[in-house]
Amino acid sequence: MELKRDHDISAEHAIRVEKVKEIEKRGLSAWPEPKEVNSTCKAIVDEFDDQKESPVYQIAGRLMAIREHGKTIFATMQDASGKLQIYIKHDAVGDEQFEIFKHLIDIGDIIWCQGTAFKTKMGEITLKVDLFVLESKCLHPLPEKFHGLADVETKYRQRYLDLISDPESRTRFRSRSYIIRAMRSFFDNHGFIEVETPMLHTIPGGAAAKPFVTHHNALDMDLYLRIAPELFLKRLVVGGIERVYEINRNFRNEGISTRHNPEFTMVEWYVAHKEYNWMMNFIEQLIKYAIKQAGLKEQIPFGDHVIDFSKFEHLSMQAAVAKYLNVSEKQLLDDIDSFLKKYNLKPARKDASWGEKLLVLFEELVESQLIQPTFIIDYPVEISPLSKRDPKNPQFAARFELFVAGMELANGFNELNDPFDQAARFKDQVCAREAGDAEAHHYDADFILALEHALPPTVGAGLGIDRLTMLLTNTTSIKDVILFPTLKRKD
């Protein structure tokens with residue numbers, strides 16, 4: 001038997017390959033068909049009763065430890081439910097099976113076994129095995145310890161090793177699943193319809209971001225991986241689906257950090273005949289529901305902080321900048337350039353508006369200080385090209401963003417449904433692109449046509465599922481809540 005592979009074959013690997021050859025010489029298979037199971041490791045422990053005779057259990061799992069003691073062997077088996085000690089005694093399994101286990105079975109192998117449960121003198125619930133079968137041979141040793149900087153890259157590149165070795169990692173990804181399940185339940189309970197919209201777009205839109213570009217050969221046209229589903233979801237509201245949501249994968253051709261991955265998961269939703277104050281309250285209730293369904297409390301540790309999700313603050317962007325710079329809002333309005341100069345900051349373009357300058361101060365100096373849940377409202381309209389203007393103050397958008405632990409968690413606003421205003425703002429974005437802003441929106445004529453068929457008053461929002469999972473599981477790197485994060489190619 002010869003296995004061809006790119007990496008070096010270790011001595012241990014070669015030994016295990018020889019064991020496979022020996023197994024086959026005995027007329028057995030190292031990877032046979034599965035056998036039926038009737039229980040799990042956790043269930044055997046939970047059901048154990050000293051006062052009753054044990055039923056015959058059949059379970060399957062991975063061997064995580066093996067301890068030989070002459071004619072007896074103790075091993076630790078792990079399945080999806082947890083771990084269980086198993087006991088292989090020479091007299092119980094016979095010469096052939098005992099020799100196979102002793103000489104041909106290794107840590108990492110997946111076995112099926114049958115037996116009855118008992119409690120050892122040390123008080124540990126254990127399965128006394130009377131029959132076992134190798135179900136899948138592991139050709140590499142498992143990592144003895146799986147933590148620390150030295151193992152970080154392997155942890156992400158070989159996630160299966162992380163999941164095998166680290167119960168906290170398995171718990172974290174189960175929590176992610178519970179959070180998404182809770183969200184679906186919450187939306188369904190509030191009369192929403194879940195949909196799927198295209199991931200290949202002819203025009204990138206719905207967010208200010210650099211897209212990934214691909215090419216469709218048959219149509220001989222460039223397409224863009226979705227940066228947001230927004231414009232398609234709003235088309236559905238025009239069509240009469242007045243409460244709609246999508247749990248979606250988005251792709252943005254941007255940098256990688258502890259809080260950014262080029263592909264990520266969001267939930268985005270739209271509600272007709274509601275406005276952004278209603279939506280902020282809805283998001284509060286959604287997050288609290290997800291926390292409850294995940295079995296957590298509203299006070300959650302995260303890094304060096306305790307995040308209190310029982311209360312949410314509301315601040316205008318101007319007030320937030322004034323607060324954290326310890327100046328008055330009037331000073332910001334009258335002399336914003338002096339503050340940019342003081343902190344050595346520059347907008348992306350020379351003729352930047354007051355609102356664009358305010359955004360620079362906010363992103364560079366304030367965002368990271370918003371630790372407790374805070375809705376930032378009153379965004380300048382020129383940095384909100386898809387938002388409706390605030391009727392009380394038209395230079396601002398009826399928009400909010402939710403920040404927690406210095407991260408943007410959600411973004412929402414009253415949707416711009418005036419096709420003339422939207423067309424003018426798209427044109428402004430085109431000018432910004434021509435001036436060098438690679439993240440500015442394109443002009444989407446088809447979306448304008450949809451708006452001309454009347455979008456009802458609508459509010460929409462998007463919430464980052466990866467970041468929410470980080471917060472609720474006390475995880476400071478987004479790579480630890482994405483099963484297979486994007487990594488630099490290994491040469």
# chains A, B, ... in the order shown; residues from 1 in each chain; ligands from 1

$ select_by_dssp --residues "range 360-480 of chain A" --states "strand (DSSP E)" --output "MDAnalysis selection string"
chainID A and resid 374:380 389:390 393:404 407:414 458:464

$ write_last_selection --atoms "N, CA and C atoms" --output "mmCIF file, in the first residue's frame"
data_model
loop_
_atom_site.group_PDB
_atom_site.id
_atom_site.type_symbol
_atom_site.label_atom_id
_atom_site.label_comp_id
_atom_site.auth_asym_id
_atom_site.auth_seq_id
_atom_site.Cartn_x
_atom_site.Cartn_y
_atom_site.Cartn_z
ATOM 1 N N THR A 374 -24.392 50.163 22.199
ATOM 2 C CA THR A 374 -24.695 51.568 21.908
ATOM 3 C C THR A 374 -25.181 51.715 20.471
ATOM 4 N N PHE A 375 -26.362 52.270 20.315
ATOM 5 C CA PHE A 375 -26.863 52.624 18.991
ATOM 6 C C PHE A 375 -26.374 54.031 18.653
ATOM 7 N N ILE A 376 -25.609 54.155 17.581
ATOM 8 C CA ILE A 376 -25.217 55.458 17.065
ATOM 9 C C ILE A 376 -26.222 55.853 15.988
ATOM 10 N N ILE A 377 -26.827 57.032 16.143
ATOM 11 C CA ILE A 377 -27.858 57.496 15.209
ATOM 12 C C ILE A 377 -27.424 58.820 14.568
ATOM 13 N N ASP A 378 -28.282 59.351 13.712
ATOM 14 C CA ASP A 378 -28.035 60.639 13.038
ATOM 15 C C ASP A 378 -26.748 60.610 12.220
ATOM 16 N N TYR A 379 -26.698 59.702 11.259
ATOM 17 C CA TYR A 379 -25.567 59.633 10.323
ATOM 18 C C TYR A 379 -25.730 60.705 9.252
ATOM 19 N N PRO A 380 -24.652 61.394 8.891
ATOM 20 C CA PRO A 380 -24.748 62.351 7.780
ATOM 21 C C PRO A 380 -25.271 61.656 6.525
ATOM 22 N N ARG A 389 -33.771 60.281 4.339
ATOM 23 C CA ARG A 389 -33.408 61.431 5.169
ATOM 24 C C ARG A 389 -34.306 61.496 6.402
ATOM 25 N N ASP A 390 -33.764 62.028 7.476
ATOM 26 C CA ASP A 390 -34.560 62.273 8.670
ATOM 27 C C ASP A 390 -35.472 63.467 8.372
ATOM 28 N N ASN A 393 -34.583 66.596 10.234
ATOM 29 C CA ASN A 393 -33.251 67.169 9.997
ATOM 30 C C ASN A 393 -32.677 66.549 8.731
ATOM 31 N N PRO A 394 -33.030 67.073 7.550
ATOM 32 C CA PRO A 394 -32.721 66.423 6.282
ATOM 33 C C PRO A 394 -31.242 66.220 5.972
ATOM 34 N N GLN A 395 -30.325 66.881 6.704
ATOM 35 C CA GLN A 395 -28.913 66.656 6.424
ATOM 36 C C GLN A 395 -28.412 65.352 7.056
ATOM 37 N N PHE A 396 -29.272 64.729 7.878
ATOM 38 C CA PHE A 396 -28.944 63.447 8.489
ATOM 39 C C PHE A 396 -29.872 62.357 7.965
ATOM 40 N N ALA A 397 -29.377 61.124 7.987
ATOM 41 C CA ALA A 397 -30.183 59.976 7.568
ATOM 42 C C ALA A 397 -30.913 59.385 8.770
ATOM 43 N N ALA A 398 -32.041 58.779 8.503
ATOM 44 C CA ALA A 398 -32.786 58.055 9.537
ATOM 45 C C ALA A 398 -32.147 56.670 9.670
ATOM 46 N N ARG A 399 -30.994 56.653 10.294
ATOM 47 C CA ARG A 399 -30.126 55.470 10.290
ATOM 48 C C ARG A 399 -29.500 55.257 11.667
ATOM 49 N N PHE A 400 -29.122 54.003 11.925
ATOM 50 C CA PHE A 400 -28.390 53.673 13.159
ATOM 51 C C PHE A 400 -27.362 52.600 12.853
ATOM 52 N N GLU A 401 -26.369 52.518 13.713
ATOM 53 C CA GLU A 401 -25.478 51.360 13.775
ATOM 54 C C GLU A 401 -25.325 50.978 15.232
ATOM 55 N N LEU A 402 -25.295 49.681 15.490
ATOM 56 C CA LEU A 402 -25.127 49.176 16.849
ATOM 57 C C LEU A 402 -23.675 48.756 17.047
ATOM 58 N N PHE A 403 -23.056 49.295 18.106
ATOM 59 C CA PHE A 403 -21.681 48.947 18.450
ATOM 60 C C PHE A 403 -21.638 48.258 19.809
ATOM 61 N N VAL A 404 -20.830 47.208 19.879
ATOM 62 C CA VAL A 404 -20.606 46.487 21.133
ATOM 63 C C VAL A 404 -19.139 46.069 21.159
ATOM 64 N N MET A 407 -16.970 46.999 18.287
ATOM 65 C CA MET A 407 -17.254 46.427 16.975
ATOM 66 C C MET A 407 -18.619 46.880 16.489
ATOM 67 N N GLU A 408 -18.721 47.138 15.190
ATOM 68 C CA GLU A 408 -20.044 47.341 14.601
ATOM 69 C C GLU A 408 -20.724 45.985 14.531
ATOM 70 N N LEU A 409 -21.916 45.892 15.120
ATOM 71 C CA LEU A 409 -22.648 44.629 15.154
ATOM 72 C C LEU A 409 -23.838 44.642 14.203
ATOM 73 N N ALA A 410 -24.477 45.813 14.046
ATOM 74 C CA ALA A 410 -25.662 45.898 13.200
ATOM 75 C C ALA A 410 -25.747 47.274 12.571
ATOM 76 N N ASN A 411 -26.426 47.328 11.445
ATOM 77 C CA ASN A 411 -26.621 48.574 10.699
ATOM 78 C C ASN A 411 -28.053 48.571 10.187
ATOM 79 N N GLY A 412 -28.754 49.692 10.323
ATOM 80 C CA GLY A 412 -30.128 49.740 9.846
ATOM 81 C C GLY A 412 -30.577 51.153 9.561
ATOM 82 N N PHE A 413 -31.614 51.283 8.745
ATOM 83 C CA PHE A 413 -32.125 52.611 8.412
ATOM 84 C C PHE A 413 -33.468 52.524 7.706
ATOM 85 N N ASN A 414 -34.154 53.679 7.709
ATOM 86 C CA ASN A 414 -35.354 53.801 6.885
ATOM 87 C C ASN A 414 -34.909 53.790 5.435
ATOM 88 N N THR A 458 -40.349 51.561 4.446
ATOM 89 C CA THR A 458 -39.704 50.308 4.868
ATOM 90 C C THR A 458 -38.470 50.616 5.707
ATOM 91 N N VAL A 459 -38.228 49.773 6.713
ATOM 92 C CA VAL A 459 -36.980 49.848 7.466
ATOM 93 C C VAL A 459 -36.264 48.515 7.304
ATOM 94 N N GLY A 460 -34.943 48.573 7.197
ATOM 95 C CA GLY A 460 -34.164 47.352 7.048
ATOM 96 C C GLY A 460 -32.970 47.360 7.970
ATOM 97 N N ALA A 461 -32.408 46.169 8.201
ATOM 98 C CA ALA A 461 -31.223 46.064 9.069
ATOM 99 C C ALA A 461 -30.436 44.825 8.710
ATOM 100 N N GLY A 462 -29.155 44.857 9.042
ATOM 101 C CA GLY A 462 -28.298 43.690 8.909
ATOM 102 C C GLY A 462 -27.512 43.514 10.190
ATOM 103 N N LEU A 463 -27.307 42.269 10.598
ATOM 104 C CA LEU A 463 -26.594 41.973 11.844
ATOM 105 C C LEU A 463 -25.564 40.886 11.561
ATOM 106 N N GLY A 464 -24.322 41.106 12.009
ATOM 107 C CA GLY A 464 -23.247 40.152 11.776
ATOM 108 C C GLY A 464 -23.321 38.958 12.711
#

$ residues_around --residues "Ile478 in chain A" --least-positions-apart "5" --cutoff "9 Å" --atoms "only C-alpha atoms" --output "list in words"
Ser257, Thr258, Arg259, His260, Asn261, Asp466, Arg467, Thr469, Met470 and Pro485 of chain A

$ write_last_selection --atoms "C-alpha atoms" --output "mmCIF file, in the first residue's frame"
data_model
loop_
_atom_site.group_PDB
_atom_site.id
_atom_site.type_symbol
_atom_site.label_atom_id
_atom_site.label_comp_id
_atom_site.auth_asym_id
_atom_site.auth_seq_id
_atom_site.Cartn_x
_atom_site.Cartn_y
_atom_site.Cartn_z
ATOM 1 C CA SER A 257 -8.058 40.807 10.964
ATOM 2 C CA THR A 258 -9.392 39.474 14.244
ATOM 3 C CA ARG A 259 -12.739 41.066 13.292
ATOM 4 C CA HIS A 260 -12.763 40.725 9.500
ATOM 5 C CA ASN A 261 -12.887 37.745 7.155
ATOM 6 C CA ASP A 466 -19.952 35.912 13.244
ATOM 7 C CA ARG A 467 -19.440 38.936 15.481
ATOM 8 C CA THR A 469 -21.174 34.673 18.125
ATOM 9 C CA MET A 470 -17.806 36.153 19.143
ATOM 10 C CA PRO A 485 -11.531 31.058 7.885
#

$ closest_residue --among "A:His442, A:Lys19, A:Lys35, A:Arg184" --to "Gln114 in chain A" --atoms "only C-alpha atoms"
A:Lys35

$ atom_distance --atom1 "CA of Lys25 in chain A" --atom2 "CA of Lys71 in chain A"
24.4 Å

$ residues_around --residues "range 296-302 of chain A" --least-positions-apart "3" --cutoff "12 Å" --atoms "only C-alpha atoms" --output "PyMOL selection string"
chain A and resi 175+178-179+284-285+287-293+305-312+371-373+404-406+467-477

$ atom_distance --atom1 "CA of Tyr343 in chain A" --atom2 "CA of Lys330 in chain A"
18.5 Å

$ atom_distance --atom1 "CA of Lys21 in chain A" --atom2 "CA of Trp112 in chain A"
20.2 Å

$ select_by_dssp --residues "range 326-427 of chain A" --states "helix (DSSP H, G or I)" --output "ChimeraX atom specification"
/A:329-334,336-342,354-369,381-383,419-427

$ write_last_selection --atoms "C-alpha atoms" --output "compact mmCIF listing (two decimals), in the first residue's frame"
# COMPACT_ATOMS: atom_id res chain seq x y z
CA GLU A 329 -21.10 69.60 19.56
CA LYS A 330 -20.99 73.26 18.47
CA GLN A 331 -17.18 73.17 18.35
CA LEU A 332 -17.36 70.15 16.07
CA LEU A 333 -19.87 71.89 13.83
CA ASP A 334 -17.92 75.15 13.63
CA ILE A 336 -14.12 70.24 12.51
CA ASP A 337 -10.90 70.72 10.48
CA SER A 338 -8.96 71.69 13.60
CA PHE A 339 -9.82 68.37 15.23
CA LEU A 340 -8.74 66.42 12.16
CA LYS A 341 -5.45 68.32 12.24
CA LYS A 342 -5.03 67.77 15.98
CA TRP A 354 -18.51 67.99 7.03
CA GLY A 355 -20.32 64.66 7.41
CA GLU A 356 -17.47 62.72 5.82
CA LYS A 357 -15.02 64.44 8.15
CA LEU A 358 -17.20 63.60 11.14
CA LEU A 359 -17.17 59.95 10.07
CA VAL A 360 -13.36 59.95 10.00
CA LEU A 361 -13.21 61.25 13.59
CA PHE A 362 -15.82 58.74 14.69
CA GLU A 363 -14.21 55.69 13.08
CA GLU A 364 -10.67 56.52 14.14
CA LEU A 365 -11.22 57.86 17.66
CA VAL A 366 -14.61 56.79 19.00
CA GLU A 367 -15.67 53.42 17.60
CA SER A 368 -13.18 51.38 19.63
CA GLN A 369 -14.39 53.01 22.87
CA VAL A 381 -26.83 61.67 4.69
CA GLU A 382 -23.84 61.81 2.30
CA ILE A 383 -22.33 58.69 3.93
CA PRO A 419 -36.58 56.93 -6.95
CA PHE A 420 -35.49 60.48 -7.89
CA ASP A 421 -33.51 60.96 -4.66
CA GLN A 422 -32.00 57.46 -4.98
CA ALA A 423 -30.96 58.11 -8.60
CA ALA A 424 -29.30 61.39 -7.58
CA ARG A 425 -27.40 59.68 -4.77
CA PHE A 426 -26.26 56.89 -7.06
CA LYS A 427 -24.90 59.59 -9.38

$ closest_residue --among "A:Ile465, A:Ala440, A:Leu236, A:Ala320" --to "Arg176 in chain A" --atoms "only C-alpha atoms"
A:Ile465

$ residues_around --residues "Lys128 in chain A" --least-positions-apart "4" --cutoff "9 Å" --atoms "only C-alpha atoms" --output "PyMOL selection string"
chain A and resi 85-89+92+114-118

$ write_last_selection --atoms "C-alpha atoms" --output "JSON list (two decimals), in the first residue's frame"
[["chain", "number", "residue", "atom", "x", "y", "z"],
["A", 85, "GLN", "CA", -14.02, 5.06, 29.65],
["A", 86, "ILE", "CA", -14.03, 1.59, 28.10],
["A", 87, "TYR", "CA", -12.48, -1.57, 29.55],
["A", 88, "ILE", "CA", -11.06, -4.40, 27.41],
["A", 89, "LYS", "CA", -10.24, -7.56, 29.34],
["A", 92, "ALA", "CA", -13.91, -11.10, 27.94],
["A", 114, "GLN", "CA", -20.45, -3.61, 22.57],
["A", 115, "GLY", "CA", -20.67, -4.18, 26.29],
["A", 116, "THR", "CA", -22.28, -3.45, 29.64],
["A", 117, "ALA", "CA", -21.76, -0.54, 32.01],
["A", 118, "PHE", "CA", -20.26, -0.74, 35.50]]

$ decode --residues "range 439-463 of chain A" --atoms "N, CA and C atoms" --output "PDB file, in the first residue's frame"
ATOM      1  N   GLU A 439     -14.751  51.992  -3.019  1.00  0.00           N
ATOM      2  CA  GLU A 439     -15.857  51.340  -2.315  1.00  0.00           C
ATOM      3  C   GLU A 439     -17.209  52.013  -2.561  1.00  0.00           C
ATOM      4  N   ALA A 440     -17.216  53.078  -3.353  1.00  0.00           N
ATOM      5  CA  ALA A 440     -18.474  53.782  -3.635  1.00  0.00           C
ATOM      6  C   ALA A 440     -19.401  52.896  -4.467  1.00  0.00           C
ATOM      7  N   HIS A 441     -20.706  53.147  -4.353  1.00  0.00           N
ATOM      8  CA  HIS A 441     -21.704  52.339  -5.052  1.00  0.00           C
ATOM      9  C   HIS A 441     -21.683  52.595  -6.557  1.00  0.00           C
ATOM     10  N   HIS A 442     -22.126  51.572  -7.300  1.00  0.00           N
ATOM     11  CA  HIS A 442     -22.366  51.728  -8.732  1.00  0.00           C
ATOM     12  C   HIS A 442     -23.783  52.272  -8.940  1.00  0.00           C
ATOM     13  N   TYR A 443     -24.055  52.729 -10.167  1.00  0.00           N
ATOM     14  CA  TYR A 443     -25.418  53.156 -10.510  1.00  0.00           C
ATOM     15  C   TYR A 443     -26.194  51.909 -10.930  1.00  0.00           C
ATOM     16  N   ASP A 444     -27.266  51.609 -10.211  1.00  0.00           N
ATOM     17  CA  ASP A 444     -28.069  50.417 -10.483  1.00  0.00           C
ATOM     18  C   ASP A 444     -29.411  50.830 -11.067  1.00  0.00           C
ATOM     19  N   ALA A 445     -29.480  50.866 -12.395  1.00  0.00           N
ATOM     20  CA  ALA A 445     -30.696  51.337 -13.084  1.00  0.00           C
ATOM     21  C   ALA A 445     -31.866  50.398 -12.836  1.00  0.00           C
ATOM     22  N   ASP A 446     -31.613  49.088 -12.742  1.00  0.00           N
ATOM     23  CA  ASP A 446     -32.698  48.140 -12.523  1.00  0.00           C
ATOM     24  C   ASP A 446     -33.335  48.332 -11.149  1.00  0.00           C
ATOM     25  N   PHE A 447     -32.514  48.674 -10.151  1.00  0.00           N
ATOM     26  CA  PHE A 447     -33.063  48.930  -8.825  1.00  0.00           C
ATOM     27  C   PHE A 447     -33.903  50.213  -8.836  1.00  0.00           C
ATOM     28  N   ILE A 448     -33.456  51.220  -9.558  1.00  0.00           N
ATOM     29  CA  ILE A 448     -34.255  52.449  -9.695  1.00  0.00           C
ATOM     30  C   ILE A 448     -35.602  52.122 -10.318  1.00  0.00           C
ATOM     31  N   LEU A 449     -35.600  51.247 -11.325  1.00  0.00           N
ATOM     32  CA  LEU A 449     -36.865  50.840 -11.957  1.00  0.00           C
ATOM     33  C   LEU A 449     -37.787  50.168 -10.940  1.00  0.00           C
ATOM     34  N   ALA A 450     -37.208  49.331 -10.068  1.00  0.00           N
ATOM     35  CA  ALA A 450     -38.020  48.687  -9.022  1.00  0.00           C
ATOM     36  C   ALA A 450     -38.631  49.734  -8.098  1.00  0.00           C
ATOM     37  N   LEU A 451     -37.843  50.737  -7.698  1.00  0.00           N
ATOM     38  CA  LEU A 451     -38.361  51.789  -6.831  1.00  0.00           C
ATOM     39  C   LEU A 451     -39.486  52.572  -7.512  1.00  0.00           C
ATOM     40  N   GLU A 452     -39.403  52.714  -8.814  1.00  0.00           N
ATOM     41  CA  GLU A 452     -40.440  53.434  -9.551  1.00  0.00           C
ATOM     42  C   GLU A 452     -41.771  52.691  -9.536  1.00  0.00           C
ATOM     43  N   HIS A 453     -41.741  51.418  -9.116  1.00  0.00           N
ATOM     44  CA  HIS A 453     -42.989  50.660  -8.954  1.00  0.00           C
ATOM     45  C   HIS A 453     -43.494  50.720  -7.513  1.00  0.00           C
ATOM     46  N   ALA A 454     -42.910  51.590  -6.706  1.00  0.00           N
ATOM     47  CA  ALA A 454     -43.369  51.921  -5.351  1.00  0.00           C
ATOM     48  C   ALA A 454     -42.933  50.923  -4.289  1.00  0.00           C
ATOM     49  N   LEU A 455     -41.858  51.281  -3.590  1.00  0.00           N
ATOM     50  CA  LEU A 455     -41.453  50.597  -2.363  1.00  0.00           C
ATOM     51  C   LEU A 455     -42.197  51.256  -1.213  1.00  0.00           C
ATOM     52  N   PRO A 456     -42.967  50.495  -0.422  1.00  0.00           N
ATOM     53  CA  PRO A 456     -43.678  51.121   0.706  1.00  0.00           C
ATOM     54  C   PRO A 456     -42.672  51.646   1.727  1.00  0.00           C
ATOM     55  N   PRO A 457     -43.108  52.519   2.641  1.00  0.00           N
ATOM     56  CA  PRO A 457     -42.207  52.928   3.731  1.00  0.00           C
ATOM     57  C   PRO A 457     -41.654  51.674   4.413  1.00  0.00           C
ATOM     58  N   THR A 458     -40.349  51.561   4.446  1.00  0.00           N
ATOM     59  CA  THR A 458     -39.704  50.308   4.868  1.00  0.00           C
ATOM     60  C   THR A 458     -38.470  50.616   5.707  1.00  0.00           C
ATOM     61  N   VAL A 459     -38.228  49.773   6.713  1.00  0.00           N
ATOM     62  CA  VAL A 459     -36.980  49.848   7.466  1.00  0.00           C
ATOM     63  C   VAL A 459     -36.264  48.515   7.304  1.00  0.00           C
ATOM     64  N   GLY A 460     -34.943  48.573   7.197  1.00  0.00           N
ATOM     65  CA  GLY A 460     -34.164  47.352   7.048  1.00  0.00           C
ATOM     66  C   GLY A 460     -32.970  47.360   7.970  1.00  0.00           C
ATOM     67  N   ALA A 461     -32.408  46.169   8.201  1.00  0.00           N
ATOM     68  CA  ALA A 461     -31.223  46.064   9.069  1.00  0.00           C
ATOM     69  C   ALA A 461     -30.436  44.825   8.710  1.00  0.00           C
ATOM     70  N   GLY A 462     -29.155  44.857   9.042  1.00  0.00           N
ATOM     71  CA  GLY A 462     -28.298  43.690   8.909  1.00  0.00           C
ATOM     72  C   GLY A 462     -27.512  43.514  10.190  1.00  0.00           C
ATOM     73  N   LEU A 463     -27.307  42.269  10.598  1.00  0.00           N
ATOM     74  CA  LEU A 463     -26.594  41.973  11.844  1.00  0.00           C
ATOM     75  C   LEU A 463     -25.564  40.886  11.561  1.00  0.00           C
TER      76      LEU A 463
END
